[in-house]
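Have a look at query-v9.csv; it's CSV, C-alpha atoms:
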chain,number,residue,atom,x,y,z
P,1238,ARG,CA,0.0,0.0,0.0
P,1239,ARG,CA,1.3,3.4,-0.9
P,1240,TYR,CA,0.6,6.5,1.2
P,1241,SER,CA,1.0,9.8,-0.5
P,1242,SER,CA,2.7,12.6,1.5
P,1243,SER,CA,2.7,15.1,-1.3
P,1244,SER,CA,1.0,18.4,-0.5
P,1245,PRO,CA,-2.0,19.7,-2.6
P,1246,LEU,CA,-1.2,21.4,-5.9
P,1247,HIS,CA,-2.1,25.0,-6.2
P,1248,PHE,CA,-2.8,27.0,-9.3
P,1249,LEU,CA,-2.8,30.7,-9.9
P,1250,VAL,CA,-5.4,31.9,-12.3
P,1251,GLY,CA,-5.5,35.6,-13.5
P,1252,LYS,CA,-7.8,37.5,-15.9
P,1253,GLY,CA,-7.5,41.0,-17.5
P,1254,LYS,CA,-5.7,44.1,-16.3
P,1255,GLY,CA,-5.0,44.2,-12.6
P,1256,ARG,CA,-5.9,40.6,-12.5
P,1257,GLN,CA,-6.5,39.0,-9.2
P,1258,GLN,CA,-4.7,35.9,-8.3
P,1259,GLN,CA,-6.8,33.1,-7.0
P,1260,GLN,CA,-5.6,30.0,-5.3
P,1261,HIS,CA,-7.3,26.8,-6.2
P,1262,GLN,CA,-6.7,23.5,-4.4
P,1263,LEU,CA,-7.2,20.2,-6.2
P,1264,PRO,CA,-9.3,17.6,-4.4
P,1265,GLN,CA,-6.8,15.5,-2.4
P,1266,GLN,CA,-7.3,11.8,-2.4
P,1267,GLN,CA,-7.5,10.5,1.1
P,1268,PRO,CA,-4.9,7.8,1.9
P,1269,PRO,CA,-6.0,4.5,3.2
P,1270,LYS,CA,-6.4,4.3,6.9
P,1271,LEU,CA,-3.1,3.1,8.5
P,1272,SER,CA,-3.8,-0.1,10.3
P,1273,ALA,CA,-1.7,-2.4,12.4
P,1274,ASN,CA,-3.9,-5.3,11.4
P,1275,MET,CA,-2.0,-6.0,8.2
P,1276,SER,CA,-2.9,-9.7,7.9
P,1277,LYS,CA,-6.6,-9.0,8.3
P,1278,ASN,CA,-6.5,-6.5,5.5
P,1279,LEU,CA,-4.9,-8.9,3.0
P,1280,SER,CA,-6.4,-11.8,1.2
P,1281,GLU,CA,-5.4,-15.4,2.1
P,1282,SER,CA,-3.4,-15.7,-1.2
P,1283,GLU,CA,-1.6,-12.4,-0.5
P,1284,ASN,CA,-0.8,-13.5,3.0
P,1285,ALA,CA,0.5,-16.8,1.7
P,1286,VAL,CA,2.8,-15.3,-0.9
P,1287,LEU,CA,4.1,-12.7,1.6
P,1288,GLY,CA,4.8,-15.3,4.2
P,1289,ALA,CA,6.5,-17.8,1.8
P,1290,VAL,CA,8.8,-15.2,0.3
P,1291,GLY,CA,9.6,-13.7,3.7
P,1292,GLY,CA,10.4,-17.2,5.1
P,1293,PHE,CA,12.7,-18.0,2.1
P,1294,LEU,CA,14.6,-14.7,2.5
P,1295,ASP,CA,14.9,-15.2,6.2
P,1296,VAL,CA,16.6,-18.6,5.8
P,1297,THR,CA,18.9,-17.4,3.0
P,1298,LEU,CA,20.2,-14.5,5.0
P,1299,LEU,CA,20.4,-16.2,8.4
P,1300,GLN,CA,21.2,-19.9,7.7
P,1301,ALA,CA,24.7,-19.5,9.1
P,1302,THR,CA,23.6,-18.0,12.4
P,1303,ASN,CA,20.9,-20.7,12.6
P,1304,TYR,CA,23.6,-23.4,12.3
P,1305,TRP,CA,25.7,-21.7,14.9
P,1306,LYS,CA,22.8,-21.6,17.3
P,1307,ASN,CA,21.9,-25.2,16.8
P,1308,ALA,CA,25.6,-26.3,17.1
P,1309,SER,CA,26.0,-24.3,20.3
P,1310,GLN,CA,22.8,-25.9,21.8
P,1311,GLN,CA,24.1,-29.4,20.9
P,1312,GLY,CA,27.7,-28.9,21.8
P,1313,LEU,CA,29.0,-29.2,18.3
P,1314,PRO,CA,32.3,-27.4,17.2
P,1315,PHE,CA,32.2,-23.9,15.7
P,1316,GLU,CA,32.3,-24.0,11.9
P,1317,THR,CA,32.9,-21.5,9.2
P,1318,ASN,CA,32.9,-23.8,6.2
P,1319,PRO,CA,29.9,-22.8,4.0
P,1320,ARG,CA,29.4,-26.5,3.0
P,1321,VAL,CA,28.7,-27.3,6.6
P,1322,LEU,CA,26.9,-24.1,7.5
P,1323,TYR,CA,24.4,-24.6,4.7
P,1324,ARG,CA,23.6,-28.2,5.5
P,1325,GLY,CA,19.9,-28.6,5.6
P,1326,TYR,CA,19.3,-25.4,3.7
P,1327,PHE,CA,16.5,-26.7,1.5
P,1328,ALA,CA,14.8,-28.3,4.5
P,1329,ASN,CA,15.1,-25.1,6.4
P,1330,CYS,CA,13.7,-23.1,3.4
P,1331,LEU,CA,10.7,-25.5,3.3
P,1332,ASN,CA,10.3,-25.3,7.0
P,1333,ASN,CA,10.5,-21.5,7.3
P,1334,SER,CA,8.5,-20.7,4.1
P,1335,THR,CA,5.8,-23.1,5.2
P,1336,SER,CA,5.6,-21.9,8.8
P,1337,VAL,CA,5.7,-18.2,8.1
P,1338,MET,CA,3.1,-18.6,5.2
P,1339,LEU,CA,0.8,-20.5,7.6
P,1340,GLN,CA,1.3,-17.9,10.3
P,1341,PHE,CA,0.4,-15.0,8.0
P,1342,VAL,CA,-2.6,-16.8,6.6
P,1343,GLY,CA,-3.7,-18.1,10.0
P,1344,THR,CA,-3.3,-14.8,11.8
P,1345,GLY,CA,-5.4,-13.1,9.1
P,1346,LEU,CA,-8.1,-15.7,9.4
P,1347,VAL,CA,-8.2,-15.5,13.2
P,1348,GLN,CA,-8.3,-11.7,13.1
P,1349,LYS,CA,-11.2,-11.7,10.7
P,1350,ALA,CA,-13.0,-14.3,12.8
P,1351,ILE,CA,-12.5,-12.1,15.9
P,1352,CYS,CA,-14.0,-9.1,14.1
P,1353,LEU,CA,-17.0,-11.1,12.8
P,1354,GLY,CA,-17.2,-9.1,9.6
P,1355,GLU,CA,-17.1,-5.8,11.5
P,1356,ASP,CA,-14.7,-3.2,10.0
P,1357,ARG,CA,-12.7,-2.2,13.1
P,1358,ASP,CA,-9.2,-2.3,14.5
P,1359,LEU,CA,-8.4,-5.1,16.9
P,1360,THR,CA,-7.4,-4.5,20.5
P,1361,LYS,CA,-3.9,-5.1,21.6
P,1362,ALA,CA,-4.9,-8.3,23.3
P,1363,GLU,CA,-6.8,-9.6,20.2
P,1364,GLN,CA,-3.8,-8.9,18.0
P,1365,LEU,CA,-1.5,-10.8,20.3
P,1366,ALA,CA,-3.9,-13.7,20.8
P,1367,ALA,CA,-4.6,-14.1,17.1
P,1368,ALA,CA,-0.8,-14.2,16.3
P,1369,PHE,CA,0.1,-16.5,19.1
P,1370,SER,CA,-2.6,-19.1,18.2
P,1371,SER,CA,-1.6,-19.1,14.5
P,1372,GLY,CA,2.1,-19.5,15.4
P,1373,TYR,CA,1.4,-22.3,17.9
P,1374,LEU,CA,-0.7,-24.3,15.3
P,1375,SER,CA,2.0,-23.9,12.6
P,1376,GLY,CA,4.4,-25.7,14.9
P,1377,PHE,CA,2.7,-29.0,14.2
P,1378,ILE,CA,3.6,-28.7,10.6
P,1379,CYS,CA,7.1,-27.2,10.8
P,1380,GLY,CA,8.2,-29.3,13.8
P,1381,PRO,CA,9.0,-32.5,11.8
P,1382,ILE,CA,10.5,-30.5,9.0
P,1383,GLU,CA,12.9,-28.7,11.3
P,1384,LEU,CA,13.8,-32.0,12.9
P,1385,ALA,CA,14.9,-33.2,9.5
P,1386,MET,CA,17.0,-30.0,9.0
P,1387,ILE,CA,18.7,-30.5,12.4
P,1388,GLN,CA,19.5,-34.1,11.6
P,1389,GLN,CA,21.0,-33.1,8.3
P,1390,GLN,CA,23.2,-30.5,10.0
P,1391,ARG,CA,24.4,-33.1,12.5
P,1392,LYS,CA,25.0,-36.1,10.1
P,1393,GLY,CA,25.5,-34.4,6.7
P,1394,THR,CA,22.9,-36.7,5.1
P,1395,THR,CA,20.6,-35.8,2.2
P,1396,LEU,CA,17.0,-34.7,2.8
P,1397,PRO,CA,15.4,-37.8,1.4
P,1398,ALA,CA,17.6,-40.1,3.4
P,1399,THR,CA,17.0,-38.1,6.6
P,1400,ALA,CA,13.3,-38.1,6.0
P,1401,SER,CA,13.2,-41.8,5.4
P,1402,SER,CA,15.1,-42.5,8.6
P,1403,LEU,CA,12.8,-40.3,10.7
P,1404,VAL,CA,9.6,-41.8,9.2
P,1405,ALA,CA,11.0,-45.3,9.9
P,1406,GLY,CA,11.3,-44.4,13.6
P,1407,GLY,CA,7.6,-43.9,13.9
P,1408,PRO,CA,5.4,-41.0,15.3
P,1409,SER,CA,7.4,-40.7,18.5
P,1410,VAL,CA,10.5,-39.8,16.5
P,1411,VAL,CA,8.8,-37.6,13.9
P,1412,THR,CA,7.0,-35.5,16.5
P,1413,ARG,CA,10.1,-35.2,18.8
P,1414,GLY,CA,10.3,-31.6,20.2
P,1415,THR,CA,7.0,-30.6,18.6
P,1416,PHE,CA,5.6,-29.0,21.8
P,1417,GLY,CA,8.7,-26.8,22.1
P,1418,ILE,CA,8.5,-25.8,18.5
P,1419,CYS,CA,4.8,-24.9,18.9
P,1420,MET,CA,5.6,-22.6,21.9
P,1421,ARG,CA,8.5,-21.1,20.1
P,1422,GLU,CA,6.5,-20.4,16.9
P,1423,GLY,CA,3.6,-19.1,19.0
P,1424,LEU,CA,5.8,-16.6,20.8
P,1425,TYR,CA,7.7,-15.7,17.6
P,1426,CYS,CA,4.4,-15.0,15.7
P,1427,ALA,CA,3.0,-13.1,18.6
P,1428,GLY,CA,6.0,-10.9,18.4
P,1429,VAL,CA,6.1,-10.3,14.6
P,1430,LEU,CA,2.4,-10.0,13.9
P,1431,GLY,CA,1.2,-8.9,17.4
P,1432,LEU,CA,3.7,-7.1,19.5
P,1433,THR,CA,5.6,-5.3,16.8
P,1434,PRO,CA,2.5,-3.6,15.3
P,1435,VAL,CA,1.4,-2.6,18.8
P,1436,LEU,CA,4.8,-1.1,19.5
P,1437,ARG,CA,4.9,0.7,16.2
P,1438,LYS,CA,1.6,2.4,16.9
P,1439,MET,CA,2.8,3.4,20.4
P,1440,ILE,CA,6.0,4.8,19.0
P,1441,GLN,CA,4.1,6.9,16.4
P,1442,GLU,CA,1.9,8.3,19.2
P,1443,LYS,CA,4.5,9.0,21.8
P,1444,PHE,CA,7.5,10.0,19.7
P,1445,PRO,CA,6.0,11.8,16.6
P,1446,ASP,CA,9.0,14.0,16.2
P,1447,THR,CA,11.7,11.3,16.4
P,1448,TRP,CA,11.3,7.6,15.8
P,1449,GLY,CA,7.6,7.9,15.1
P,1450,ARG,CA,8.0,10.6,12.4
P,1451,THR,CA,7.6,8.2,9.5
P,1452,GLU,CA,6.1,4.8,9.1
P,1453,ASP,CA,9.4,3.3,8.2
P,1454,SER,CA,11.3,4.7,11.2
P,1455,ALA,CA,8.5,3.5,13.5
P,1456,ARG,CA,8.7,0.0,12.0
P,1457,VAL,CA,12.5,-0.1,12.6
P,1458,ALA,CA,12.2,1.1,16.2
P,1459,ALA,CA,9.4,-1.4,16.9
P,1460,ALA,CA,11.4,-4.3,15.4
P,1461,MET,CA,14.5,-3.4,17.4
P,1462,THR,CA,12.5,-3.2,20.5
P,1463,GLY,CA,10.2,-6.2,20.1
P,1464,GLY,CA,12.8,-8.5,18.5
P,1465,PRO,CA,15.0,-8.9,21.6
P,1466,ILE,CA,12.0,-9.3,23.9
P,1467,ILE,CA,10.5,-12.2,21.9
P,1468,SER,CA,14.0,-13.8,21.5
P,1469,VAL,CA,14.4,-13.9,25.2
P,1470,LEU,CA,10.9,-15.4,25.8
P,1471,SER,CA,11.1,-18.0,23.0
P,1472,HIS,CA,14.7,-19.1,23.4
P,1473,PRO,CA,14.1,-21.6,26.3
P,1474,PHE,CA,11.5,-23.5,24.2
P,1475,ASP,CA,13.8,-23.5,21.2
P,1476,THR,CA,16.6,-25.1,23.3
Let me see the file written as structure tokens.
Amino acid sequence: RRYSSSSPLHFLVGKGKGRQQQQHQLPQQQPPKLSANMSKNLSESENAVLGAVGGFLDVTLLQATNYWKNASQQGLPFETNPRVLYRGYFANCLNNSTSVMLQFVGTGLVQKAICLGEDRDLTKAEQLAAAFSSGYLSGFICGPIELAMIQQQRKGTTLPATASSLVAGGPSVVTRGTFGICMREGLYCAGVLGLTPVLRKMIQEKFPDTWGRTEDSARVAAAMTGGPIISVLSHPFDT
């Protein structure tokens, strides 16, 4: 969505000797109402595409840090070899793109269900609840995929071989760690699609001359504030 900040155009019109200048203002198109309920305002397909692309970019940029985190948690040696760091990359792309896509779509559906067709902004509690529930449910899908990615990182096996080994172990192996993943994803989604929009609105209201001056600066400030909070809360479940 684009929001125009251009001022109205003015025209000077004069007629005859000693003409009088008159200022005319063109009708200004009202910009769409800024809303923190982004997922609610998009269609399911738009949410799906946005989530899938965002998840893919997230993995591509942060795969190395993800490996270092997992290695530290499991007591594995520190690595800088890209061939090791990018083990499980495709599984991680599938995991993150799927989970973020489901979270965007799910949050939008829950937000719309809460509003019951009424055109209104959600309360802060409603935003957080909608995002958390969507993230929690996505964990049941992305949990087994992430397990495959971690096993690839540990053993260096291919994705098909890793998946076959996990499936052969039965449901108890495939669903290992799923509750922790559900909690982590619930908190993560609550932060990205719940807390961050709430913080952005607060920053725009309380700091209109500094961080809240523009939409982009408020987004950056909200992300820098909300990101560490959610990381601290979700990390124990991730471990």
**OP:** Considering only C-alpha atoms, state which residue in the set P:Ala1459, P:Leu1432, P:Cys1330, P:Ile1378 is at the smallest distance from Phe1293 of chain P.
**Re:** P:Cys1330
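The interatomic distance for the pair atom CA of Ala1367 of chain P and atom CA of Ser1471 of chain P works out to 17.2 Å.
The shell of residues at most 12 Å from Arg1391 of chain P, with all atoms listed in the file counted and near chain neighbours (fewer than 2 positions) removed, consists of Tyr1304, Trp1305, Asn1307, Ala1308, Ser1309, Gln1310, Gln1311, Gly1312, Leu1313, Pro1314, Val1321, Leu1322, Tyr1323, Arg1324, Gly1325, Leu1384, Ala1385, Met1386, Ile1387, Gln1388, Gln1389, Gly1393, Thr1394, Thr1395 and Thr1399 of chain P.
Of note, atom CA of Leu1365 of chain P and atom CA of Val1429 of chain P are spaced 9.5 Å apart.
Closest approach to Leu1374 of chain P from the set P:Val1410, P:Val1469, P:Leu1294, P:Met1420 is made by P:Met1420, with distances taken over only C-alpha atoms.
Taking atom CA of Ser1375 of chain P and atom CA of Thr1360 of chain P as endpoints, the distance between them is 23.0 Å.
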Original post:
Residues at most 8 Å from Ile1382 of chain P, counting all atoms listed in the file, excluding those fewer than 5 positions away in the same chain, as JSON, numbers by chain?
Top reply: {"P": [1328, 1329, 1331, 1332]}
Original post:
Skipping near chain neighbours, those fewer than 6 positions away, what residues fall within 12 Å of Leu1346 of chain P using all atoms listed in the file, listed as a PyMOL selection string?
Top reply: chain P and resi 1274-1282+1284-1285+1339-1340+1352-1354+1364+1367-1368+1370-1371
**OP:** Could you check which of P:Phe1315, P:Arg1421, P:Glu1452, P:Ala1427 is closest to Pro1473 of chain P, using only C-alpha atoms?
**Re:** P:Arg1421
**OP:** Using all atoms listed in the file, collect all residues at a distance of at most 9 Å from (8.5, -24.6, 17.9) as written in the file, then present them as a PyMOL selection string.
**Re:** chain P and resi 1372-1373+1375-1377+1379-1380+1383+1414-1425+1471+1474-1475
Next, dump the selected residues to file, keeping only C-alpha atoms, as an mmCIF file, in the frame of the given file.
data_model
loop_
_atom_site.group_PDB
_atom_site.id
_atom_site.type_symbol
_atom_site.label_atom_id
_atom_site.label_comp_id
_atom_site.auth_asym_id
_atom_site.auth_seq_id
_atom_site.Cartn_x
_atom_site.Cartn_y
_atom_site.Cartn_z
ATOM 1 C CA GLY P 1372 2.100 -19.500 15.400
ATOM 2 C CA TYR P 1373 1.400 -22.300 17.900
ATOM 3 C CA SER P 1375 2.000 -23.900 12.600
ATOM 4 C CA GLY P 1376 4.400 -25.700 14.900
ATOM 5 C CA PHE P 1377 2.700 -29.000 14.200
ATOM 6 C CA CYS P 1379 7.100 -27.200 10.800
ATOM 7 C CA GLY P 1380 8.200 -29.300 13.800
ATOM 8 C CA GLU P 1383 12.900 -28.700 11.300
ATOM 9 C CA GLY P 1414 10.300 -31.600 20.200
ATOM 10 C CA THR P 1415 7.000 -30.600 18.600
ATOM 11 C CA PHE P 1416 5.600 -29.000 21.800
ATOM 12 C CA GLY P 1417 8.700 -26.800 22.100
ATOM 13 C CA ILE P 1418 8.500 -25.800 18.500
ATOM 14 C CA CYS P 1419 4.800 -24.900 18.900
ATOM 15 C CA MET P 1420 5.600 -22.600 21.900
ATOM 16 C CA ARG P 1421 8.500 -21.100 20.100
ATOM 17 C CA GLU P 1422 6.500 -20.400 16.900
ATOM 18 C CA GLY P 1423 3.600 -19.100 19.000
ATOM 19 C CA LEU P 1424 5.800 -16.600 20.800
ATOM 20 C CA TYR P 1425 7.700 -15.700 17.600
ATOM 21 C CA SER P 1471 11.100 -18.000 23.000
ATOM 22 C CA PHE P 1474 11.500 -23.500 24.200
ATOM 23 C CA ASP P 1475 13.800 -23.500 21.200
#
Original post:
In terms of the shortest atom-to-atom distance over all atoms listed in the file, which of P:Pro1397, P:Gly1449, P:Pro1465, P:Pro1434 is closest to Leu1359 of chain P?
Top reply: P:Pro1434
